[in-house]
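This is query.txt (compact mmCIF, C-alpha atoms).
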```txt
# COMPACT_ATOMS: atom_id res chain seq x y z
CA MET A 291 16.98 -29.29 6.78
CA THR A 292 15.24 -32.32 8.19
CA LYS A 293 18.17 -33.06 10.48
CA PRO A 294 19.86 -30.44 12.59
CA ARG A 295 23.31 -29.69 11.41
CA HIS A 296 26.27 -29.42 13.64
CA PRO A 297 28.13 -26.19 13.47
CA THR A 298 31.35 -26.50 11.58
CA ASP A 299 32.03 -22.97 10.42
CA SER A 300 34.80 -20.77 11.64
CA SER A 301 32.47 -18.73 13.80
CA ARG A 302 32.25 -21.73 16.08
CA SER A 303 35.98 -22.22 16.37
CA LYS A 304 36.17 -20.03 19.44
CA GLU A 305 33.58 -22.10 21.16
CA HIS A 306 35.68 -24.86 22.54
CA ASP A 307 34.66 -23.76 25.98
CA ARG A 308 30.95 -24.01 25.23
CA PRO A 309 29.02 -24.08 28.47
CA PRO A 310 27.85 -27.59 29.28
CA ALA A 311 24.33 -26.23 29.78
CA LEU A 312 24.27 -25.30 26.13
CA ASP A 313 25.45 -28.74 25.10
CA LEU A 314 22.72 -30.30 27.18
CA ALA A 315 20.20 -27.94 25.69
CA CYS A 316 21.35 -28.84 22.20
CA ALA A 317 21.04 -32.53 22.93
CA ALA A 318 17.56 -32.10 24.39
CA PHE A 319 16.54 -29.97 21.45
CA GLN A 320 17.59 -32.60 18.95
CA ALA A 321 16.15 -35.46 20.93
CA THR A 322 12.73 -33.83 21.00
CA ALA A 323 12.67 -32.81 17.37
CA PRO A 324 9.36 -33.77 15.79
CA SER A 325 9.27 -37.27 14.37
CA ASP A 326 8.46 -37.89 10.73
CA MET A 327 5.08 -39.24 11.76
CA GLU A 328 4.27 -36.09 13.68
CA VAL A 329 5.35 -33.93 10.75
CA GLN A 330 3.27 -35.94 8.29
CA ARG A 331 0.20 -35.62 10.48
CA ALA A 332 0.76 -31.88 10.76
CA VAL A 333 1.23 -31.57 7.00
CA GLY A 334 -2.03 -33.45 6.43
CA ARG A 335 -3.86 -31.10 8.79
CA LEU A 336 -2.32 -28.06 7.15
CA LYS A 337 -3.16 -29.24 3.64
CA VAL A 338 -6.81 -29.55 4.61
CA ARG A 339 -6.69 -26.09 6.15
CA LEU A 340 -5.06 -24.59 3.06
CA GLU A 341 -7.64 -26.21 0.80
CA GLN A 342 -10.51 -25.06 2.96
CA ARG A 343 -9.34 -21.51 3.40
CA PRO A 344 -11.72 -18.97 1.90
CA GLY A 345 -10.75 -17.45 -1.40
CA ARG A 346 -9.27 -14.05 -1.48
CA ARG A 347 -12.00 -11.57 -0.82
CA VAL A 348 -12.61 -9.11 -3.58
CA ARG A 349 -13.02 -5.76 -1.99
CA PRO A 350 -15.26 -3.68 -4.20
CA ALA A 351 -14.64 -0.35 -2.54
CA PRO A 352 -11.26 0.51 -4.14
CA PHE A 353 -12.43 -0.61 -7.57
CA LEU A 354 -15.62 1.35 -7.21
CA ALA A 355 -13.74 4.44 -6.12
CA ALA A 356 -11.29 4.08 -9.00
CA ALA A 357 -14.14 3.66 -11.47
CA LEU A 358 -15.91 6.73 -10.10
CA VAL A 359 -12.75 8.79 -10.33
CA GLY A 360 -12.21 7.60 -13.90
CA VAL A 361 -15.77 8.44 -14.94
CA GLY A 362 -15.48 11.82 -13.27
CA ALA A 363 -12.21 12.57 -15.04
CA LEU A 364 -13.70 11.58 -18.40
CA ALA A 365 -16.77 13.72 -17.78
CA TYR A 366 -14.59 16.66 -16.84
CA ALA A 367 -12.44 16.24 -19.91
CA ALA A 368 -15.49 15.95 -22.14
CA SER A 369 -17.07 19.06 -20.64
CA ALA A 370 -13.82 20.99 -21.05
CA LEU A 371 -13.57 19.95 -24.70
CA ASN A 372 -17.19 20.80 -25.45
CA GLU A 373 -17.07 24.11 -23.64
CA PRO A 374 -17.28 26.99 -26.10
CA ALA A 375 -14.45 29.43 -26.23
CA ALA A 376 -14.77 31.78 -23.32
CA PRO A 377 -15.86 35.25 -24.31
CA VAL A 378 -13.34 37.97 -23.76
CA PRO A 379 -15.30 40.96 -22.53
CA ASP A 380 -12.39 42.58 -20.79
CA ALA A 381 -9.74 42.17 -23.40
CA PRO A 382 -6.42 43.71 -22.72
CA GLU A 383 -5.86 47.10 -24.13
CA PRO A 384 -2.91 46.50 -26.34
CA SER A 385 -1.65 49.99 -25.87
CA GLN A 386 -1.66 49.63 -22.09
CA VAL A 387 -0.95 45.99 -21.53
CA ARG A 388 1.35 45.35 -24.40
CA GLY A 389 3.17 48.62 -24.15
CA ALA A 390 2.17 50.38 -27.34
CA PRO A 391 2.91 54.02 -26.90
CA LEU A 392 -0.19 56.14 -26.66
CA VAL A 393 -0.12 59.73 -27.69
CA GLY A 394 1.54 61.76 -24.97
CA GLU A 395 2.94 58.70 -23.21
CA ASN A 396 6.63 58.20 -22.60
CA PRO A 397 7.66 55.61 -25.18
CA ASN A 398 10.50 54.26 -22.99
CA ARG A 399 8.12 53.59 -20.16
CA ALA A 400 5.70 51.94 -22.50
CA ALA A 401 8.43 49.71 -23.88
CA GLU A 402 9.46 48.76 -20.35
CA ALA A 403 5.89 47.90 -19.51
CA ALA A 404 5.69 45.84 -22.65
CA ARG A 405 8.77 43.86 -21.66
CA GLU A 406 7.39 43.25 -18.18
CA SER A 407 4.02 42.24 -19.47
CA THR A 408 5.62 39.91 -22.00
CA LEU A 409 7.66 38.24 -19.30
CA SER A 410 4.67 37.76 -17.09
CA THR A 411 2.07 36.88 -19.67
CA THR A 412 3.79 35.05 -22.47
CA ALA A 413 2.44 31.66 -21.40
CA VAL A 414 -0.89 32.97 -20.18
CA PRO A 415 -3.73 33.24 -22.63
CA GLN A 416 -5.58 36.45 -23.10
CA LYS A 417 -7.77 37.40 -20.23
CA PRO A 418 -10.54 34.89 -20.48
CA ALA A 419 -13.89 36.16 -19.58
CA SER A 420 -16.25 34.33 -17.37
CA SER A 421 -19.95 34.30 -17.97
CA GLU A 422 -20.20 35.89 -14.56
CA LEU A 423 -18.27 38.88 -15.80
CA SER A 424 -20.37 39.20 -18.93
CA SER A 425 -23.61 39.07 -17.03
CA ALA A 426 -22.33 41.53 -14.45
CA ALA A 427 -21.24 43.89 -17.17
CA GLU A 428 -24.59 43.52 -18.91
CA ARG A 429 -26.42 44.16 -15.68
CA ALA A 430 -24.29 47.21 -15.17
CA GLY A 431 -25.12 48.40 -18.66
CA ASP A 432 -28.45 49.86 -17.60
CA ALA A 433 -27.17 51.44 -14.40
CA PRO A 434 -25.94 55.02 -14.00
CA HIS A 435 -22.32 55.72 -14.91
CA GLY A 436 -20.86 55.56 -11.35
CA GLU A 437 -22.59 52.31 -10.56
CA ARG A 438 -21.59 50.92 -13.92
CA ALA A 439 -17.97 51.68 -13.23
CA ALA A 440 -18.12 50.10 -9.81
CA ALA A 441 -19.87 47.03 -11.14
CA ALA A 442 -17.37 46.71 -13.94
CA ARG A 443 -14.47 46.99 -11.51
CA GLU A 444 -15.97 44.36 -9.26
CA ALA A 445 -16.69 42.04 -12.15
CA ARG A 446 -13.18 42.49 -13.47
CA ALA A 447 -11.68 41.61 -10.07
CA ARG A 448 -13.89 38.55 -9.87
CA ALA A 449 -12.93 37.49 -13.35
CA ARG A 450 -9.25 37.91 -12.56
CA THR A 451 -9.57 35.64 -9.54
CA SER A 452 -11.47 32.98 -11.40
CA THR A 453 -9.00 33.23 -14.26
CA MET A 454 -6.09 32.42 -11.99
CA GLN A 455 -7.97 29.57 -10.41
CA SER A 456 -8.95 27.93 -13.66
CA ALA A 457 -5.97 28.70 -15.84
CA LYS A 458 -5.71 25.15 -17.14
CA ARG A 459 -9.38 24.96 -17.97
CA VAL A 460 -9.21 28.27 -19.73
CA LYS A 461 -6.19 27.21 -21.72
CA ARG A 462 -8.12 24.20 -22.92
CA ALA A 463 -11.28 26.19 -23.59
CA VAL A 464 -9.66 28.91 -25.66
CA PRO A 465 -9.26 27.77 -29.24
CA HIS A 466 -5.66 27.22 -30.13
CA ALA A 467 -5.61 29.45 -33.18
CA ASP A 468 -7.03 32.38 -31.21
CA SER A 469 -4.62 32.14 -28.36
CA ALA A 470 -1.75 31.85 -30.81
CA SER A 471 -2.90 35.02 -32.53
CA TRP A 472 -3.17 36.96 -29.29
CA GLY A 473 0.26 35.63 -28.43
CA GLU A 474 1.49 36.87 -31.76
CA VAL A 475 0.05 40.31 -30.97
CA SER A 476 1.75 40.23 -27.58
CA ARG A 477 5.11 39.27 -29.03
CA ALA A 478 4.88 41.85 -31.80
CA MET A 479 3.99 44.61 -29.33
CA ALA A 480 6.83 43.61 -27.04
CA ALA A 481 9.19 43.80 -30.00
CA LYS A 482 7.65 47.15 -30.96
CA ASP A 483 6.80 45.60 -34.31
CA PHE A 484 3.52 47.45 -34.65
CA ALA A 485 3.03 46.43 -38.26
CA ARG A 486 3.11 42.75 -37.31
CA ALA A 487 0.84 43.47 -34.37
CA GLU A 488 -1.56 45.23 -36.70
CA GLN A 489 -1.54 42.23 -39.02
CA ALA A 490 -2.20 39.84 -36.18
CA LEU A 491 -5.01 42.01 -34.88
CA ALA A 492 -6.48 42.21 -38.37
CA ALA A 493 -6.39 38.41 -38.54
CA LEU A 494 -8.09 38.21 -35.19
CA ALA A 495 -10.71 40.71 -36.30
CA ARG A 496 -11.61 38.37 -39.15
CA GLN A 497 -11.87 35.19 -37.13
CA GLY A 498 -13.12 34.08 -33.76
CA ASP A 499 -16.34 35.03 -32.06
CA ALA A 500 -17.93 38.45 -31.85
CA THR A 501 -16.17 39.40 -28.64
CA THR A 502 -12.76 38.43 -29.99
CA ARG A 503 -13.42 40.43 -33.15
CA ALA A 504 -14.53 43.45 -31.12
CA ASN A 505 -11.47 43.27 -28.93
CA ALA A 506 -9.21 42.92 -31.95
CA ARG A 507 -10.79 45.98 -33.54
CA LEU A 508 -10.38 47.85 -30.29
CA GLY A 509 -6.71 46.91 -30.34
CA GLN A 510 -6.42 48.14 -33.92
CA ALA A 511 -8.11 51.40 -32.90
CA GLN A 512 -5.65 51.86 -30.04
CA LEU A 513 -2.73 51.17 -32.36
CA ALA A 514 -4.10 53.70 -34.82
CA LEU A 515 -4.47 56.20 -31.98
CA GLY A 516 -0.87 55.51 -30.94
CA ARG A 517 0.22 56.23 -34.51
CA GLY A 518 -1.79 59.44 -34.44
CA ASP A 519 -4.25 58.16 -37.06
CA CYS A 520 -7.28 59.49 -35.30
CA ALA A 521 -9.63 59.09 -38.22
CA ARG A 522 -8.99 55.37 -38.44
CA ALA A 523 -9.04 55.01 -34.66
CA ARG A 524 -12.40 56.72 -34.49
CA ALA A 525 -13.79 54.62 -37.31
CA LEU A 526 -12.65 51.41 -35.66
CA ALA A 527 -13.97 52.52 -32.26
CA ALA A 528 -17.30 53.35 -33.83
CA GLU A 529 -17.33 49.91 -35.39
CA VAL A 530 -16.72 48.37 -31.98
CA GLN A 531 -19.52 50.43 -30.48
CA ALA A 532 -21.84 49.42 -33.26
CA SER A 533 -21.00 45.74 -32.89
CA GLY A 534 -22.87 45.60 -29.60
CA ALA A 535 -19.84 44.54 -27.58
CA ASN A 536 -20.06 44.35 -23.83
CA ALA A 537 -20.04 47.40 -21.60
CA ALA A 538 -16.35 47.38 -20.81
CA THR A 539 -15.27 47.13 -24.43
CA GLU A 540 -17.78 49.75 -25.38
CA ARG A 541 -16.46 52.08 -22.71
CA ARG A 542 -12.93 51.69 -24.04
CA ALA A 543 -14.17 52.44 -27.51
CA GLU A 544 -15.80 55.57 -26.08
CA ASP A 545 -12.50 56.49 -24.47
CA ILE A 546 -10.76 56.25 -27.82
CA VAL A 547 -13.36 58.44 -29.45
CA ALA A 548 -12.99 60.94 -26.60
CA ARG A 549 -9.19 60.95 -26.96
CA CYS A 550 -9.54 61.50 -30.65
CA ALA A 551 -11.80 64.43 -29.95
CA ALA A 552 -9.29 65.83 -27.48
CA GLU A 553 -6.48 65.37 -30.04
CA ARG A 554 -8.46 67.25 -32.60
CA GLN A 555 -8.97 70.19 -30.25
CA MET B 268 3.60 -28.12 -13.98
CA THR B 269 1.14 -30.90 -13.22
CA GLY B 270 -1.27 -31.02 -10.34
CA ALA B 271 0.64 -33.87 -8.75
CA SER B 272 3.93 -32.02 -8.81
CA ILE B 273 2.27 -28.93 -7.36
CA ALA B 274 0.80 -31.03 -4.56
CA SER B 275 4.18 -32.60 -3.97
CA GLU B 276 5.86 -29.20 -3.84
CA THR B 277 3.23 -27.96 -1.41
CA ASP B 278 3.84 -31.03 0.76
CA GLN B 279 7.56 -30.41 0.72
CA LEU B 280 7.06 -26.76 1.58
CA LEU B 281 4.71 -27.57 4.44
CA THR B 282 7.09 -30.21 5.79
CA LEU B 283 9.99 -27.83 5.65
CA LEU B 284 8.07 -24.97 7.24
CA TYR B 285 6.65 -27.17 9.95
CA ARG B 286 10.08 -28.43 10.98
CA GLN B 287 11.59 -24.96 10.81
CA LEU B 288 8.85 -23.32 12.80
CA ARG B 289 8.83 -26.14 15.30
CA SER B 290 12.52 -25.37 15.85
CA LEU B 291 12.08 -21.63 15.96
CA ALA B 292 8.91 -21.44 18.00
CA GLY B 293 9.00 -24.70 19.90
CA PRO B 294 5.94 -26.77 20.60
CA ARG B 295 3.02 -24.42 21.04
CA PRO B 296 -0.72 -24.63 20.55
CA ASP B 297 -0.82 -22.15 17.68
CA LEU B 298 1.99 -23.77 15.72
CA ASP B 299 -0.36 -24.96 12.99
CA ASP B 300 -1.71 -21.43 12.55
CA ILE B 301 1.78 -20.03 12.18
CA VAL B 302 2.80 -22.73 9.72
CA GLN B 303 -0.32 -22.07 7.69
CA ALA B 304 0.38 -18.34 7.60
CA ALA B 305 4.00 -18.99 6.64
CA ALA B 306 2.95 -21.42 3.90
CA GLU B 307 0.52 -18.90 2.45
CA ARG B 308 3.19 -16.23 2.55
CA ALA B 309 5.77 -18.51 0.93
CA LEU B 310 3.37 -19.65 -1.82
CA LYS B 311 2.45 -16.05 -2.53
CA SER B 312 6.03 -14.81 -2.76
CA GLN B 313 7.89 -17.83 -4.06
CA HIS B 314 8.39 -16.10 -7.42
CA ARG B 315 10.67 -13.70 -5.57
CA PHE B 316 13.07 -16.45 -4.61
CA GLU B 317 16.19 -15.51 -6.58
CA ARG B 318 18.27 -18.63 -5.83
CA ARG B 319 20.92 -16.55 -4.11
CA SER B 320 20.58 -18.81 -1.12
CA GLN B 321 19.31 -22.31 -0.55
CA TRP B 322 15.59 -22.88 -0.78
CA SER B 323 15.51 -23.99 2.85
CA THR B 324 17.29 -20.80 3.93
CA TRP B 325 14.72 -18.75 2.06
CA THR B 326 11.84 -20.64 3.67
CA TYR B 327 13.54 -20.19 7.02
CA GLY B 328 13.45 -16.44 6.39
CA VAL B 329 9.74 -16.63 5.58
CA ALA B 330 9.14 -18.70 8.70
CA TYR B 331 11.11 -16.27 10.85
CA ARG B 332 9.26 -13.21 9.57
CA THR B 333 5.90 -14.91 9.93
CA LEU B 334 6.73 -15.93 13.48
CA LEU B 335 7.80 -12.40 14.37
CA ASP B 336 4.62 -10.95 12.86
CA HIS B 337 2.50 -13.52 14.63
CA ASP B 338 4.16 -12.91 17.96
CA ARG B 339 3.78 -9.15 17.59
CA TRP B 340 0.11 -9.58 16.74
CA TYR B 341 -0.34 -11.98 19.62
CA ALA B 342 1.44 -9.65 22.02
CA ARG B 343 -0.91 -6.85 21.03
CA LEU B 344 -3.92 -9.13 21.41
CA ARG B 345 -2.77 -10.26 24.82
CA ARG B 346 -2.13 -6.67 25.94
CA ARG B 347 -5.62 -5.68 24.92
CA TYR B 348 -7.78 -8.64 25.77
CA LEU B 349 -5.87 -11.45 27.44
CA SER B 350 -3.67 -9.64 29.91
CA SER B 351 -4.33 -12.08 32.74
CA GLU B 352 -4.38 -15.16 30.60
CA GLU B 353 -1.32 -17.29 30.40
CA VAL B 354 -0.74 -19.59 27.54
CA LYS B 355 0.58 -22.86 28.72
CA THR B 356 3.27 -24.30 26.54
CA PRO B 357 2.50 -27.95 25.95
CA GLU B 358 5.11 -30.51 26.55
CA PRO B 359 6.93 -31.82 23.55
CA ARG B 360 4.99 -34.79 22.30
CA THR B 361 7.83 -37.11 21.70
CA VAL B 362 7.09 -40.77 22.10
CA THR B 363 9.56 -42.27 24.49
CA ASP B 364 9.75 -45.21 26.79
CA SER B 365 13.10 -44.80 28.34
CA GLU B 366 14.04 -42.87 31.43
CA ALA B 367 16.80 -41.06 29.57
CA MET B 368 14.34 -39.84 27.01
CA LEU B 369 12.01 -38.67 29.72
CA VAL B 370 14.84 -36.62 31.14
CA GLU B 371 15.52 -35.21 27.68
CA VAL B 372 11.86 -34.34 27.26
CA GLU B 373 11.78 -32.55 30.57
CA ARG B 374 15.01 -30.78 29.72
CA ALA B 375 13.57 -29.72 26.37
CA ARG B 376 10.48 -28.35 28.08
CA ARG B 377 12.62 -26.25 30.36
CA LEU B 378 14.80 -25.20 27.43
CA TYR B 379 11.73 -23.86 25.62
CA GLU B 380 10.68 -22.05 28.77
CA ALA B 381 14.11 -20.44 28.91
CA LEU B 382 13.97 -19.59 25.21
CA ASP B 383 10.62 -17.90 25.79
CA GLU B 384 12.43 -15.46 28.06
CA LEU B 385 14.62 -14.23 25.20
CA PRO B 386 13.56 -11.48 22.82
CA PRO B 387 12.32 -12.99 19.53
CA ALA B 388 15.25 -11.80 17.41
CA LYS B 389 17.86 -13.15 19.83
CA ARG B 390 15.94 -16.34 20.36
CA ALA B 391 15.85 -16.98 16.61
CA VAL B 392 19.58 -16.43 16.27
CA VAL B 393 20.41 -18.70 19.19
CA VAL B 394 18.09 -21.44 17.95
CA LEU B 395 19.35 -21.27 14.39
CA HIS B 396 23.02 -21.07 15.25
CA ASP B 397 23.48 -23.00 18.48
CA LEU B 398 20.68 -25.54 18.28
CA GLU B 399 20.10 -25.96 14.54
CA GLY B 400 23.75 -25.59 13.66
CA MET B 401 23.47 -23.00 10.92
CA SER B 402 26.44 -20.78 10.14
CA ALA B 403 26.37 -17.10 11.03
CA SER B 404 26.18 -16.13 7.38
CA GLU B 405 23.17 -18.38 6.83
CA VAL B 406 21.50 -16.98 9.93
CA ALA B 407 22.16 -13.47 8.60
CA VAL B 408 20.29 -14.37 5.39
CA VAL B 409 17.41 -15.86 7.33
CA VAL B 410 16.93 -12.96 9.71
CA GLY B 411 17.75 -10.33 7.10
CA THR B 412 20.68 -8.64 8.82
CA ASN B 413 24.43 -8.68 8.52
CA GLU B 414 26.77 -11.11 10.16
CA GLY B 415 27.97 -8.60 12.72
CA THR B 416 24.46 -8.11 14.02
CA VAL B 417 23.95 -11.86 14.10
CA ARG B 418 27.09 -12.35 16.17
CA SER B 419 26.09 -9.56 18.51
CA ARG B 420 22.62 -11.01 19.02
CA LEU B 421 24.12 -14.46 19.40
CA ARG B 422 26.50 -13.32 22.11
CA ASP B 423 23.76 -11.58 24.09
CA GLY B 424 21.16 -14.27 23.54
CA ARG B 425 23.50 -17.09 24.38
CA ALA B 426 24.70 -15.40 27.56
CA LYS B 427 21.13 -14.88 28.70
CA LEU B 428 20.14 -18.44 27.81
CA VAL B 429 23.12 -19.95 29.59
CA GLU B 430 22.39 -17.82 32.63
CA LEU B 431 18.81 -19.09 32.69
CA LEU B 432 19.76 -22.70 32.08
CA GLU B 433 22.46 -22.77 34.72
CA ARG B 434 19.93 -21.85 37.35
CA ASP B 435 18.13 -25.07 36.48
CA PRO B 436 19.44 -28.18 38.23
CA LEU B 437 18.58 -30.25 35.20
CA PHE B 438 21.21 -28.33 33.25
CA ALA B 439 23.63 -27.83 36.11
CA ASP B 440 25.45 -31.07 35.50
CA ARG B 441 25.14 -34.05 33.28
CA GLY B 442 23.63 -36.14 36.01
CA SER B 443 20.07 -36.51 37.03
CA PRO B 444 18.13 -33.52 38.47
```

Kindly transcribe the structure held in the file into structure tokens.
Amino acid sequence: MTKPRHPTDSSRSKEHDRPPALDLACAAFQATAPSDMEVQRAVGRLKVRLEQRPGRRVRPAPFLAAALVGVGALAYAASALNEPAAPVPDAPEPSQVRGAPLVGENPNRAAEAARESTLSTTAVPQKPASSELSSAAERAGDAPHGERAAAAREARARARTSTMQSAKRVKRAVPHADSASWGEVSRAMAAKDFARAEQALAALARQGDATTRANARLGQAQLALGRGDCARARALAAEVQASGANAATERRAEDIVARCAAERQ
Amino acid sequence: MTGASIASETDQLLTLLYRQLRSLAGPRPDLDDIVQAAAERALKSQHRFERRSQWSTWTYGVAYRTLLDHDRWYARLRRRYLSSEEVKTPEPRTVTDSEAMLVEVERARRLYEALDELPPAKRAVVVLHDLEGMSASEVAVVVGTNEGTVRSRLRDGRAKLVELLERDPLFADRGSP
């Protein structure tokens, strides 16, 4: 590349009638090409410049930002792992959510509801409770009945919103065995396999925290009520009431007792 | 690879780039800056050279892209800060003692002035093909387009250059101005 080459390719074959101006330009261009001496001097200058150029600057900002993000992610993961299983103050009523037929309810409708709820909630863990909900429910515990109901409704709505927003976190926070058991209950109810649901609820009533146990017993009571076994339903509801569960669970237990009383009459 | 061979390779690269950029850009005050930028770019990306073309063709591509980038940057700078300033192109510094060479030097100066009137892409194609004698396919590799585009740019650029040169009495005939 040190010497200009003369075009010899086929693209130049049509250029017999090259304008003389271009030939003159080409000659002038080649005649004024830099001499070897000039090139060597330039290379010497450039070598000095290349050697003297400052080293590549290390910009700390991106590294710092990446490190901060990494530390934040680790802290978040650690907090999510250490977080205790969220209490479930507003557990689903198996008979309503999962479609177990209550006494006097249309069984077809209940089965349909069960199918719908299974479709929509198979992958979602049981309603996780937020501490906000628990505290709201506890605060409402001392209030008159109307206010309690309003407070409970409000707390439930708030919990539902926060549940949707933090579904991933909740999934991680809920112990795997528990969620699997509630899932088992859900699947059994959807399949109308009440015996299997009863077994799963019994397993849940033996394990997990106090709230999970209370909710499982409540589910058992509702199943018993659906079967028409009022004595067992009442006993289980009384157990739930005695366990000191939160206001919402307690109210449902009261409902079961009231239904049993109505059945008896 | 020893230090000496690295230094030798750097020398070769700088020599090549200087000659190529001197052809592409002509004699200009910031030629050393452009060659330095091109050398840094070539050293940084030489591992990407896949030997599908000649080494000199690859370095020509680097030189061309660096020149385009530099000219774009310089155009922006001039628009913003140096709108009234004109950069004087220095005369080619070729040592000569004959009258014929003086004529050639003057002709070359006017040639570079005419080349400055062309858009950078067309100028590069005309310089590489008509003045450096590269084939259209080689020019296509250097400028990163296909041969059809090269021929199109060549036709337009050459027509414009010839039009400019023919206005100049120094190029009007083979005689003296």

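Across the structure, atom CA of B:Leu428 and atom CA of B:Ala381 are spaced 6.4 Å apart.
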
How close does chain B get to chain A? List, as a Markdown table, each residue of chain B within 7 Å, its nearest atom pair and the distance in Å to one decimal, counting all atoms listed in the file.
```
| residue | atom | partner | partner_atom | distance |
| --- | --- | --- | --- | --- |
| B:Asp278 | CA | A:Val333 | CA | 6.8 |
| B:Leu281 | CA | A:Val333 | CA | 5.9 |
| B:Thr282 | CA | A:Val333 | CA | 6.1 |
| B:Tyr285 | CA | A:Val329 | CA | 6.9 |
| B:Asp299 | CA | A:Leu336 | CA | 6.9 |
| B:Gln303 | CA | A:Leu336 | CA | 6.3 |
| B:Ser323 | CA | A:Met291 | CA | 6.8 |
| B:Pro359 | CA | A:Thr322 | CA | 6.6 |
| B:Thr361 | CA | A:Thr322 | CA | 5.9 |
| B:Glu371 | CA | A:Ala318 | CA | 5.0 |
| B:Val372 | CA | A:Thr322 | CA | 6.3 |
| B:Arg374 | CA | A:Ala318 | CA | 6.1 |
| B:Ala375 | CA | A:Ala318 | CA | 5.1 |
| B:Leu378 | CA | A:Ala315 | CA | 6.3 |
| B:Leu398 | CA | A:Cys316 | CA | 5.2 |
| B:Glu399 | CA | A:Pro294 | CA | 4.9 |
| B:Gly400 | CA | A:Pro297 | CA | 4.4 |
| B:Met401 | CA | A:Pro297 | CA | 6.2 |
| B:Ser402 | CA | A:Asp299 | CA | 6.0 |
| B:Ala403 | CA | A:Ser301 | CA | 6.9 |
| B:Val429 | CA | A:Ala311 | CA | 6.4 |
| B:Leu432 | CA | A:Ala311 | CA | 6.2 |
| B:Glu433 | CA | A:Ala311 | CA | 6.3 |
| B:Phe438 | CA | A:Ala311 | CA | 5.1 |
| B:Ala439 | CA | A:Ala311 | CA | 6.6 |
```

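Between atom CA of B:Leu284 and atom CA of B:Val302 there is a distance of 6.2 Å.
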
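With only C-alpha atoms as the atoms that count, the minimum distance from B:Gly293 to the choices B:Thr412, B:Arg390, B:Gly424, B:Pro436 is reached by B:Arg390.
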
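Note that atom CA of B:Asp383 and atom CA of B:Arg346 are 17.0 Å apart.
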
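Comparing B:Pro294, B:Ser312, B:Gly411, B:Trp322 by their smallest distance to B:Gln279, the closest is B:Trp322 (using only C-alpha atoms).
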